[in-house]
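protein_5.txt follows; it contains compact mmCIF, C-alpha atoms and all ligand atoms.
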```
# COMPACT_ATOMS: atom_id res chain seq x y z
CA PHE A 9 163.44 144.33 109.96
CA PHE A 10 160.33 146.46 109.34
CA VAL A 11 162.44 149.51 108.45
CA TYR A 12 164.55 147.36 106.16
CA ILE A 13 161.45 146.18 104.32
CA LEU A 14 160.15 149.74 103.92
CA GLN A 15 163.45 150.80 102.38
CA THR A 16 163.65 148.03 99.81
CA ASN A 17 161.72 146.76 96.85
CA ILE A 18 160.51 143.85 98.94
CA TYR A 19 157.94 146.36 100.19
CA ILE A 20 155.95 146.26 96.95
CA TYR A 21 155.76 142.48 96.95
CA ILE A 22 154.50 141.99 100.45
CA MET A 23 152.62 145.26 100.95
CA ASN A 24 151.18 147.81 98.62
CA LEU A 25 150.74 151.42 99.60
CA PHE A 26 147.54 152.00 97.60
CA LEU A 27 145.89 148.63 98.34
CA ASP A 28 146.75 148.85 102.02
CA CYS A 29 145.32 152.36 102.21
CA VAL A 30 142.01 151.54 100.49
CA LYS A 31 141.64 148.59 102.84
CA GLY A 32 142.03 150.92 105.81
CA LEU A 33 145.50 149.73 106.88
CA PRO A 34 148.16 152.15 108.15
CA VAL A 35 150.44 153.60 105.44
CA LYS A 36 153.69 155.60 105.50
CA ARG A 37 152.23 158.38 103.26
CA PRO A 38 149.02 158.94 101.26
CA PRO A 39 149.03 157.11 97.93
CA ILE A 40 148.29 159.39 94.97
CA TRP A 41 146.47 159.10 91.65
CA PHE A 42 144.25 161.54 89.73
CA MET A 43 140.79 161.20 88.27
CA ARG A 44 141.18 161.41 84.47
CA GLN A 45 144.95 161.12 84.84
CA ALA A 46 145.05 159.91 81.22
CA GLY A 47 143.63 162.76 79.20
CA ARG A 48 143.92 165.79 77.02
CA TYR A 49 146.31 167.76 79.27
CA LEU A 50 148.99 165.26 78.09
CA SER A 51 150.47 165.69 74.59
CA GLU A 52 151.19 161.93 74.58
CA TYR A 53 147.45 161.31 75.05
CA ARG A 54 146.52 163.73 72.26
CA ASP A 55 148.94 161.97 69.90
CA THR A 56 147.52 158.50 70.65
CA ARG A 57 143.96 159.77 70.37
CA LYS A 58 144.79 161.19 66.92
CA LYS A 59 146.15 157.80 65.93
CA ALA A 60 142.90 156.17 67.10
CA GLY A 61 140.80 158.58 65.01
CA SER A 62 138.11 159.13 67.65
CA PHE A 63 137.58 158.87 71.38
CA LEU A 64 135.37 155.76 71.04
CA ASN A 65 137.92 154.05 68.77
CA LEU A 66 140.51 154.72 71.46
CA CYS A 67 138.29 153.17 74.15
CA TYR A 68 137.62 150.06 72.02
CA ASN A 69 141.24 149.57 70.87
CA SER A 70 142.83 147.60 73.70
CA ASN A 71 146.42 148.27 72.56
CA LEU A 72 145.94 152.03 72.38
CA ALA A 73 143.81 152.10 75.56
CA THR A 74 146.63 150.24 77.34
CA GLU A 75 149.13 152.75 76.00
CA VAL A 76 147.23 155.80 77.30
CA THR A 77 146.56 154.17 80.69
CA LEU A 78 150.32 153.71 81.12
CA GLN A 79 151.30 157.24 80.01
CA PRO A 80 150.64 159.04 83.34
CA ILE A 81 152.15 156.11 85.29
CA ASP A 82 155.42 156.32 83.34
CA LYS A 83 155.50 160.12 83.33
CA PHE A 84 154.57 160.95 86.94
CA GLY A 85 154.84 157.73 88.93
CA PHE A 86 151.26 157.65 90.25
CA ASP A 87 150.61 154.90 92.82
CA ALA A 88 147.63 153.43 90.92
CA ALA A 89 146.46 153.20 87.31
CA ILE A 90 142.86 153.63 86.17
CA LEU A 91 141.62 151.62 83.22
CA PHE A 92 141.16 153.84 80.16
CA ALA A 93 137.53 153.60 79.06
CA ASP A 94 134.37 155.65 79.65
CA ILE A 95 131.33 155.24 81.87
CA LEU A 96 129.05 155.54 78.82
CA LEU A 97 130.44 152.44 77.03
CA ILE A 98 127.95 150.24 78.89
CA LEU A 99 125.08 152.23 77.34
CA ASP A 100 126.64 151.70 73.91
CA ALA A 101 126.84 147.98 74.76
CA LEU A 102 123.15 147.98 75.73
CA GLY A 103 122.36 149.09 72.20
CA VAL A 104 122.02 152.85 72.65
CA ASN A 105 123.83 154.77 69.93
CA VAL A 106 126.53 156.74 71.81
CA GLN A 107 128.66 159.38 70.11
CA PHE A 108 131.27 161.80 71.40
CA VAL A 109 131.00 165.01 69.42
CA GLU A 110 134.04 167.32 69.41
CA GLY A 111 133.32 170.31 71.63
CA GLN A 112 129.87 169.02 72.66
CA GLY A 113 130.58 165.94 74.76
CA PRO A 114 128.49 162.77 74.61
CA LEU A 115 125.32 162.49 72.51
CA LEU A 116 122.96 159.50 72.74
CA ASP A 117 119.55 158.44 71.45
CA PRO A 118 117.36 159.06 74.52
CA VAL A 119 115.58 156.09 76.11
CA LYS A 120 112.32 157.04 77.83
CA SER A 121 109.29 154.98 76.91
CA LYS A 122 108.50 151.38 77.75
CA LYS A 123 109.09 150.65 74.06
CA ASP A 124 112.60 152.20 74.11
CA ILE A 125 113.45 150.26 77.27
CA ASN A 126 112.28 146.98 75.74
CA LEU A 127 114.54 147.58 72.75
CA LEU A 128 117.66 147.59 74.95
CA LYS A 129 119.84 144.50 74.80
CA THR A 130 119.67 142.01 77.66
CA THR A 131 122.36 142.19 80.32
CA GLU A 132 124.26 139.07 79.16
CA LYS A 133 124.69 140.63 75.71
CA ILE A 134 126.79 143.59 76.89
CA HIS A 135 130.01 141.57 76.81
CA ASP A 136 129.98 141.33 72.99
CA LYS A 137 130.71 145.03 72.71
CA LEU A 138 132.72 145.37 75.94
CA SER A 139 135.22 142.56 75.33
CA PRO A 140 137.96 145.00 74.15
CA VAL A 141 137.70 146.69 77.58
CA TYR A 142 138.36 143.34 79.28
CA ASP A 143 141.32 142.84 76.90
CA THR A 144 142.70 146.22 78.01
CA VAL A 145 142.51 145.11 81.64
CA LYS A 146 144.38 141.88 80.81
CA LYS A 147 147.08 143.72 78.84
CA LEU A 148 147.51 146.26 81.62
CA LYS A 149 148.06 143.51 84.15
CA GLN A 150 150.99 142.38 81.99
CA HIS A 151 152.47 145.82 81.36
CA LEU A 152 151.95 147.82 84.55
CA PRO A 153 155.08 148.27 86.67
CA LYS A 154 155.17 145.90 89.67
CA GLY A 155 153.39 147.37 92.65
CA VAL A 156 151.03 149.59 90.64
CA PRO A 157 147.47 148.26 91.09
CA LEU A 158 144.75 148.69 88.47
CA ILE A 159 141.46 150.45 89.18
CA GLY A 160 138.49 149.31 87.11
CA PHE A 161 135.34 151.43 87.11
CA ALA A 162 131.73 151.93 86.16
CA GLY A 163 129.23 154.78 86.20
CA ALA A 164 126.55 154.59 88.88
CA PRO A 165 123.02 153.83 87.62
CA TRP A 166 121.74 157.36 88.34
CA THR A 167 124.53 159.12 86.41
CA LEU A 168 124.11 156.67 83.50
CA ALA A 169 120.32 157.25 83.64
CA THR A 170 120.77 161.01 83.29
CA TYR A 171 122.55 160.49 79.95
CA LEU A 172 120.13 157.77 78.88
CA ILE A 173 116.99 159.79 79.58
CA ASN A 174 118.18 163.16 78.33
CA GLY A 175 120.49 162.02 75.53
CA ARG A 176 123.28 164.30 76.76
CA GLY A 177 124.72 165.83 79.93
CA GLU A 178 122.60 168.60 81.43
CA GLN A 179 123.28 171.13 84.19
CA GLY A 180 121.15 170.08 87.17
CA SER A 181 119.99 166.90 85.38
CA LEU A 182 116.51 168.47 85.30
CA THR A 183 115.11 166.29 82.52
CA ALA A 184 116.04 163.10 84.37
CA LYS A 185 114.74 164.49 87.68
CA LYS A 186 111.39 165.36 86.11
CA PHE A 187 111.33 161.84 84.71
CA ILE A 188 111.73 160.40 88.23
CA ILE A 189 108.65 162.30 89.33
CA ALA A 190 106.47 161.85 86.24
CA ASN A 191 107.41 158.38 84.94
CA ASN A 192 108.47 156.58 88.06
CA PRO A 193 107.78 152.94 87.01
CA GLU A 194 109.84 153.42 83.83
CA PHE A 195 112.54 155.20 85.83
CA GLU A 196 112.68 152.38 88.37
CA GLU A 197 112.95 149.90 85.52
CA ILE A 198 115.86 151.84 83.99
CA ILE A 199 117.70 151.91 87.34
CA LYS A 200 117.11 148.18 87.85
CA LEU A 201 118.37 147.32 84.38
CA LEU A 202 121.47 149.52 84.74
CA THR A 203 122.19 148.04 88.17
CA GLU A 204 122.10 144.49 86.80
CA ALA A 205 124.23 145.32 83.75
CA THR A 206 126.78 147.14 85.92
CA VAL A 207 127.18 144.12 88.21
CA GLU A 208 127.95 141.98 85.12
CA TYR A 209 130.37 144.58 83.77
CA ILE A 210 132.29 144.90 87.04
CA LEU A 211 132.47 141.13 87.55
CA MET A 212 134.12 140.79 84.14
CA GLN A 213 136.60 143.58 84.89
CA ILE A 214 137.56 141.79 88.11
CA LYS A 215 137.84 138.40 86.38
CA SER A 216 140.12 140.10 83.83
CA GLY A 217 142.38 141.41 86.61
CA ALA A 218 141.12 144.72 88.08
CA ASP A 219 142.36 145.10 91.69
CA VAL A 220 140.00 147.83 92.91
CA ILE A 221 136.70 149.17 91.54
CA LYS A 222 135.52 152.77 91.53
CA ILE A 223 131.89 153.79 91.03
CA PHE A 224 131.34 157.27 89.62
CA ASP A 225 128.07 158.99 90.52
CA SER A 226 129.06 162.30 89.01
CA TRP A 227 125.55 163.77 88.95
CA ALA A 228 124.39 162.53 92.38
CA GLY A 229 124.47 166.14 93.60
CA ALA A 230 121.55 167.03 91.33
CA LEU A 231 119.25 164.83 93.42
CA ASN A 232 117.30 165.94 96.50
CA ALA A 233 118.36 164.22 99.72
CA ASP A 234 115.65 161.52 99.72
CA MET A 235 116.30 160.86 96.03
CA VAL A 236 120.04 160.50 96.73
CA ARG A 237 119.25 157.71 99.18
CA SER A 238 116.85 155.94 96.81
CA TYR A 239 118.62 156.35 93.48
CA SER A 240 122.30 156.95 94.21
CA LEU A 241 123.11 155.18 97.47
CA ASN A 242 120.75 152.19 97.17
CA PRO A 243 121.64 151.05 93.64
CA ILE A 244 125.37 151.47 94.37
CA LYS A 245 124.95 149.44 97.56
CA THR A 246 123.18 146.70 95.59
CA ILE A 247 126.00 146.62 93.03
CA VAL A 248 128.79 146.46 95.61
CA THR A 249 126.95 143.83 97.68
CA GLU A 250 126.31 141.63 94.64
CA VAL A 251 129.93 141.84 93.43
CA LYS A 252 131.31 141.21 96.91
CA LYS A 253 129.29 138.00 97.15
CA GLN A 254 131.71 136.65 94.55
CA PHE A 255 134.76 138.80 95.29
CA PRO A 256 134.64 139.85 98.95
CA GLU A 257 138.27 141.00 98.92
CA ILE A 258 137.93 143.58 96.12
CA PRO A 259 137.82 147.11 97.57
CA PHE A 260 135.30 149.68 96.24
CA ILE A 261 135.79 153.43 95.98
CA VAL A 262 132.43 155.22 95.79
CA PHE A 263 132.16 158.77 94.43
CA PRO A 264 128.74 160.35 95.04
CA ARG A 265 129.80 163.78 93.79
CA SER A 266 128.36 166.86 95.52
CA VAL A 267 125.90 165.06 97.80
CA ASN A 268 126.78 167.39 100.64
CA THR A 269 125.94 166.11 104.13
CA ILE A 270 124.45 162.87 102.69
CA TYR A 271 128.08 161.71 102.57
CA SER A 272 127.29 160.73 106.16
CA ASP A 273 124.76 158.17 104.92
CA PHE A 274 127.35 156.73 102.53
CA SER A 275 129.87 156.48 105.36
CA GLU A 276 127.47 154.15 107.23
CA VAL A 277 127.47 151.53 104.45
CA LYS A 278 129.86 148.79 105.49
CA GLU A 279 130.27 147.43 101.93
CA PHE A 280 131.91 150.69 100.75
CA ASP A 281 135.66 150.83 101.40
CA VAL A 282 136.57 154.36 100.32
CA LEU A 283 134.48 157.50 99.77
CA ALA A 284 135.75 159.93 97.16
CA VAL A 285 134.96 163.51 98.14
CA ASP A 286 134.49 166.53 95.88
CA GLN A 287 136.09 169.95 96.37
CA PHE A 288 132.93 171.65 97.66
CA LEU A 289 132.59 169.77 100.92
CA ASP A 290 134.22 171.42 103.95
CA ARG A 291 137.40 169.54 104.82
CA LYS A 292 136.95 170.17 108.53
CA TRP A 293 133.51 168.54 108.33
CA ILE A 294 134.97 165.59 106.40
CA ALA A 295 137.76 165.15 108.96
CA GLU A 296 135.25 165.14 111.82
CA ASN A 297 132.35 163.22 110.32
CA ILE A 298 133.60 160.97 107.55
CA GLN A 299 137.26 160.14 108.17
CA PRO A 300 136.65 158.36 111.50
CA LYS A 301 134.31 155.97 109.64
CA LYS A 302 135.75 155.63 106.14
CA VAL A 303 138.97 156.08 104.24
CA ILE A 304 138.49 159.12 102.01
CA GLN A 305 139.91 160.12 98.65
CA GLY A 306 140.07 163.69 97.27
CA ASN A 307 139.52 166.71 97.36
CA LEU A 308 142.01 169.09 95.73
CA ASP A 309 140.13 171.42 93.38
CA PRO A 310 141.43 170.57 89.86
CA LEU A 311 141.39 174.30 89.09
CA PHE A 312 144.56 174.76 91.15
CA LEU A 313 146.44 172.63 88.61
CA THR A 314 145.80 175.35 86.02
CA GLN A 315 147.24 178.11 88.25
CA ASP A 316 150.70 179.18 89.39
CA LYS A 317 152.90 177.10 91.62
CA GLU A 318 152.56 179.24 94.75
CA ASN A 319 148.76 179.06 94.87
CA LEU A 320 148.87 175.35 94.19
CA LEU A 321 151.40 174.74 96.95
CA SER A 322 149.45 176.69 99.55
CA GLU A 323 146.26 174.73 98.71
CA LEU A 324 148.20 171.46 98.80
CA LYS A 325 149.41 172.28 102.30
CA LYS A 326 145.85 172.94 103.46
CA VAL A 327 144.47 169.67 102.07
CA THR A 328 147.25 167.52 103.51
CA GLU A 329 147.11 169.32 106.88
CA ASP A 330 143.32 168.98 107.19
CA PHE A 331 143.26 165.26 106.33
CA LYS A 332 146.42 164.11 108.11
CA LYS A 333 144.80 162.53 111.17
CA TYR A 334 143.75 159.39 109.25
CA PRO A 335 145.12 157.51 106.24
CA TYR A 336 143.62 158.86 102.98
CA VAL A 337 144.15 158.61 99.24
CA PHE A 338 145.36 161.85 97.72
CA ASN A 339 143.32 162.82 94.64
CA LEU A 340 141.36 165.66 93.07
CA GLY A 341 137.77 166.64 93.86
CA HIS A 342 136.88 165.92 90.20
CA GLY A 343 138.66 165.05 86.94
CA ILE A 344 141.78 166.87 85.81
CA THR A 345 140.97 169.43 83.10
CA PRO A 346 142.59 169.75 79.64
CA ASP A 347 144.21 173.08 80.67
CA ALA A 348 146.04 171.61 83.71
CA ARG A 349 149.78 172.33 83.64
CA VAL A 350 151.96 169.25 83.35
CA GLU A 351 154.63 170.73 85.66
CA ASN A 352 151.94 171.19 88.33
CA VAL A 353 151.07 167.49 88.21
CA THR A 354 154.76 166.65 88.72
CA LEU A 355 154.89 169.08 91.62
CA VAL A 356 151.89 167.54 93.40
CA VAL A 357 153.12 163.94 92.95
CA ASP A 358 156.61 164.83 94.23
CA TYR A 359 155.15 166.76 97.18
CA ILE A 360 152.89 163.88 98.27
CA LYS A 361 155.70 161.32 97.90
CA GLU A 362 157.76 163.34 100.40
CA LEU A 363 154.94 163.44 102.96
CA LYS A 364 154.87 161.36 106.11
CA LEU A 365 151.67 160.36 107.87
O1 LIG B 1 142.04 158.54 83.22
C1 LIG B 1 140.92 158.18 83.64
O2 LIG B 1 140.37 158.69 84.63
C2 LIG B 1 140.24 156.99 82.98
C3 LIG B 1 139.33 157.25 81.91
C4 LIG B 1 137.99 157.94 82.12
C5 LIG B 1 137.41 158.78 81.13
N1 LIG B 1 136.15 159.09 81.51
C6 LIG B 1 138.08 159.17 79.89
C7 LIG B 1 137.54 160.30 79.12
C8 LIG B 1 137.06 157.84 83.16
C9 LIG B 1 137.18 157.12 84.50
C10 LIG B 1 135.90 158.56 82.75
C11 LIG B 1 134.67 158.64 83.55
C12 LIG B 1 133.56 159.48 83.09
N2 LIG B 1 133.12 159.68 81.80
C13 LIG B 1 132.67 160.17 83.95
C14 LIG B 1 132.73 160.15 85.47
C15 LIG B 1 133.79 161.03 86.01
C16 LIG B 1 133.49 162.51 85.87
O3 LIG B 1 134.29 163.16 85.19
O4 LIG B 1 132.53 163.00 86.46
C17 LIG B 1 131.73 160.85 83.16
C18 LIG B 1 130.59 161.73 83.64
C19 LIG B 1 132.01 160.52 81.80
C20 LIG B 1 131.26 160.92 80.59
C21 LIG B 1 132.07 161.74 79.69
N3 LIG B 1 133.17 161.29 78.98
C22 LIG B 1 131.88 163.11 79.36
C23 LIG B 1 130.80 164.00 79.94
C24 LIG B 1 132.87 163.44 78.44
C25 LIG B 1 133.00 164.75 77.71
C26 LIG B 1 133.46 165.84 78.56
C27 LIG B 1 134.95 165.85 78.64
O5 LIG B 1 135.49 165.90 79.75
O6 LIG B 1 135.54 165.82 77.57
C28 LIG B 1 133.70 162.31 78.25
C29 LIG B 1 134.91 162.20 77.39
C30 LIG B 1 136.15 161.66 77.99
N4 LIG B 1 136.22 160.58 78.82
C31 LIG B 1 137.49 162.12 77.73
C32 LIG B 1 138.35 161.27 78.42
C33 LIG B 1 139.85 161.30 78.41
C34 LIG B 1 137.85 163.25 76.78
C35 LIG B 1 137.63 162.75 75.41
C36 LIG B 1 138.60 163.27 74.38
O7 LIG B 1 139.74 162.81 74.33
O8 LIG B 1 138.15 164.11 73.60
```

Could you rewrite the structure in this file as structure tokens?
Amino acid sequence: FFVYILQTNIYIYIMNLFLDCVKGLPVKRPPIWFMRQAGRYLSEYRDTRKKAGSFLNLCYNSNLATEVTLQPIDKFGFDAAILFADILLILDALGVNVQFVEGQGPLLDPVKSKKDINLLKTTEKIHDKLSPVYDTVKKLKQHLPKGVPLIGFAGAPWTLATYLINGRGEQGSLTAKKFIIANNPEFEEIIKLLTEATVEYILMQIKSGADVIKIFDSWAGALNADMVRSYSLNPIKTIVTEVKKQFPEIPFIVFPRSVNTIYSDFSEVKEFDVLAVDQFLDRKWIAENIQPKKVIQGNLDPLFLTQDKENLLSELKKVTEDFKKYPYVFNLGHGITPDARVENVTLVVDYIKELKL
């Protein structure tokens, strides 16, 4: 009977490969999706973005955002979809002027002083601006193929704070780190405010239909170890704990990028379901120290998707061999880049779908 179920469509109604895996249940093969799977490497995405006029228009247009979320699902057959939006929208919703400048990335009006902080909107007000994002979630729940769960997401307070304090991304996040040391009460207030707003934002995504939530702490690796614990791990733990008080069954994927051996500390937090791992961490160390405690997701270096098939295949074999002892979610160590080759994405998805755990 069990074999029969696995071989038929009934499987997707009573079990789900991705949801089972993130909940730590045994699965027949690793589920696969990619960070930034909707993006500029796809001509379909570039066409829709042109139609939208700008990246922010695309994020705030729920019909077009639904369309681009579905593109990589239809084209490659990924096992999960990720809501199309951006981690910086919540800052826009808090009243910070956010712009995405072609070739430069995000630009914001920096928030540093007590006066700037007091000018930010209150947490309840964020929904005015973010309601199109919730509409996208609702539309996706109607249009996603059966059996493909939807991942909602938010930026972690620290990563959001780096953009808020510096007004743009910065290698090493030095401006924000100096701010921690020199203006600690203001910094603590910023983290507290972002933590509260993020809880609200995630709750609304879940109420709109998100099945799983991912928290991106992309710049966590810029922090020193004790700072990682205070300003990456702790705020994320608060967020997940608060949300789980209302929705205990919603799994969380946490991505503290490049935090090195502090991944161990994250693996001790019972509220976190999955830890996403970057491409820099040693896979043997992950397999020994993290996998026995947490389901992991990652860590193929996105660079291999820009290279020839042979190099990609040999790396793919290494990743799947090193992680095979426990169930894991196949993904990249960071977002897919605009120069990734489409045929390489097809190759990876097909390869993983043939795997057996
Ligand atoms: O497909 C998906 O993964 C869902 C959509 C998504 C985007 N951004 C779309 C996007 C998600 C989950 C994000 C998260 C995000 N945004 C992060 C965390 C993940 C990471 O990459 O570390 C961060 C740090 C941001 C902030 C951000 N957004 C930057 C720094 C940039 C500019 C740099 C770049 O890669 O272009 C963006 C723009 C952005 N966000 C694009 C997309 C598809 C490209 C915009 C375009 O079309 O020009």

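Using all atoms listed in the file, the smallest distance between any of A:Ser121, A:Val76, A:Gln299, A:Asn69 and Asp55 of chain A comes from A:Val76.
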
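Checking A:Phe26, A:Tyr171, A:Tyr239, A:Phe92 one by one against ligand LIG 1 (chain B), counting all atoms listed in the file, you find the shortest gap at A:Phe92.
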
Contacts with ligand LIG 1 (chain B) at most 8 Å, all atoms listed in the file counted, listed as an MDAnalysis selection string: chainID A and resid 42:48 53:54 57 62:63 77 90:96 108 110:114 161:163 167 177 224:227 265 342:343 345

10 Å contact set for Ala348 of chain A, all atoms listed in the file, chain neighbours under 2 positions out, as a ChimeraX atom specification: /A:48-50,310-315,344-346,350-353

Writing out the chosen residues with C-alpha atoms as a PDB file, in the coordinates of the input:
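Writing the result to selection.pdb gives the following:
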```
ATOM      1  CA  ARG A  48     143.920 165.790  77.020  1.00  0.00           C
ATOM      2  CA  TYR A  49     146.310 167.760  79.270  1.00  0.00           C
ATOM      3  CA  LEU A  50     148.990 165.260  78.090  1.00  0.00           C
ATOM      4  CA  PRO A 310     141.430 170.570  89.860  1.00  0.00           C
ATOM      5  CA  LEU A 311     141.390 174.300  89.090  1.00  0.00           C
ATOM      6  CA  PHE A 312     144.560 174.760  91.150  1.00  0.00           C
ATOM      7  CA  LEU A 313     146.440 172.630  88.610  1.00  0.00           C
ATOM      8  CA  THR A 314     145.800 175.350  86.020  1.00  0.00           C
ATOM      9  CA  GLN A 315     147.240 178.110  88.250  1.00  0.00           C
ATOM     10  CA  ILE A 344     141.780 166.870  85.810  1.00  0.00           C
ATOM     11  CA  THR A 345     140.970 169.430  83.100  1.00  0.00           C
ATOM     12  CA  PRO A 346     142.590 169.750  79.640  1.00  0.00           C
ATOM     13  CA  VAL A 350     151.960 169.250  83.350  1.00  0.00           C
ATOM     14  CA  GLU A 351     154.630 170.730  85.660  1.00  0.00           C
ATOM     15  CA  ASN A 352     151.940 171.190  88.330  1.00  0.00           C
ATOM     16  CA  VAL A 353     151.070 167.490  88.210  1.00  0.00           C
TER      17      VAL A 353
END
```

Distance of atom CA of Phe338 of chain A from atom CA of Glu296 of chain A, expressed in Å to one decimal place: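 Going from atom CA of Glu296 of chain A over to atom CA of Phe338 of chain A covers 17.7 Å.
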
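Using all atoms listed in the file, the residues found no farther than 9 Å from Tyr209 of chain A, other than those of its own chain fewer than 2 positions away, are Ile98, Ile134, His135, Leu138, Ala162, Glu204, Ala205, Thr206, Val207, Leu211, Met212, Gln213 and Ile214 of chain A.
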
Length of the atom CA of Ala230 of chain A to atom CA of Ser181 of chain A vector [Å]: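 That distance, rounded to one decimal, is 6.2 Å.
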
Could you add the missing atoms to segment 288-307 of chain A, up to N, CA and C atoms, and return them as a short mmCIF file (atom, residue, chain, number, x, y, z; two decimals), in the coordinates of the input?
```
data_model
loop_
_atom_site.label_atom_id
_atom_site.label_comp_id
_atom_site.auth_asym_id
_atom_site.auth_seq_id
_atom_site.Cartn_x
_atom_site.Cartn_y
_atom_site.Cartn_z
N PHE A 288 133.86 170.68 97.08
CA PHE A 288 132.93 171.65 97.66
C PHE A 288 132.69 171.39 99.14
N LEU A 289 132.85 170.14 99.54
CA LEU A 289 132.59 169.77 100.92
C LEU A 289 133.68 170.35 101.83
N ASP A 290 133.29 170.83 103.00
CA ASP A 290 134.22 171.42 103.95
C ASP A 290 135.15 170.35 104.52
N ARG A 291 136.44 170.57 104.36
CA ARG A 291 137.40 169.54 104.82
C ARG A 291 137.33 169.30 106.31
N LYS A 292 137.05 170.35 107.07
CA LYS A 292 136.95 170.17 108.53
C LYS A 292 135.78 169.24 108.85
N TRP A 293 134.68 169.40 108.13
CA TRP A 293 133.51 168.54 108.33
C TRP A 293 133.83 167.09 107.94
N ILE A 294 134.57 166.94 106.83
CA ILE A 294 134.97 165.59 106.40
C ILE A 294 135.84 164.94 107.47
N ALA A 295 136.82 165.70 107.98
CA ALA A 295 137.76 165.15 108.96
C ALA A 295 137.03 164.72 110.23
N GLU A 296 135.99 165.47 110.59
CA GLU A 296 135.25 165.14 111.82
C GLU A 296 134.21 164.05 111.63
N ASN A 297 133.52 164.08 110.48
CA ASN A 297 132.35 163.22 110.32
C ASN A 297 132.54 162.00 109.44
N ILE A 298 133.46 162.08 108.49
CA ILE A 298 133.60 160.97 107.55
C ILE A 298 134.87 160.16 107.83
N GLN A 299 135.99 160.86 108.01
CA GLN A 299 137.26 160.14 108.17
C GLN A 299 137.28 159.12 109.32
N PRO A 300 136.62 159.40 110.45
CA PRO A 300 136.65 158.36 111.50
C PRO A 300 135.95 157.08 111.07
N LYS A 301 135.08 157.16 110.05
CA LYS A 301 134.31 155.97 109.64
C LYS A 301 134.80 155.34 108.35
N LYS A 302 135.33 156.15 107.45
CA LYS A 302 135.75 155.63 106.14
C LYS A 302 137.05 156.27 105.70
N VAL A 303 137.82 155.49 104.93
CA VAL A 303 138.97 156.08 104.24
C VAL A 303 138.40 157.02 103.18
N ILE A 304 138.98 158.20 103.04
CA ILE A 304 138.49 159.12 102.01
C ILE A 304 139.53 159.29 100.92
N GLN A 305 139.05 159.81 99.78
CA GLN A 305 139.91 160.12 98.65
C GLN A 305 139.48 161.46 98.09
N GLY A 306 140.40 162.37 97.84
CA GLY A 306 140.07 163.69 97.27
C GLY A 306 140.90 164.72 97.98
N ASN A 307 140.53 165.93 98.02
CA ASN A 307 139.52 166.71 97.36
C ASN A 307 140.09 167.96 96.73
#
```
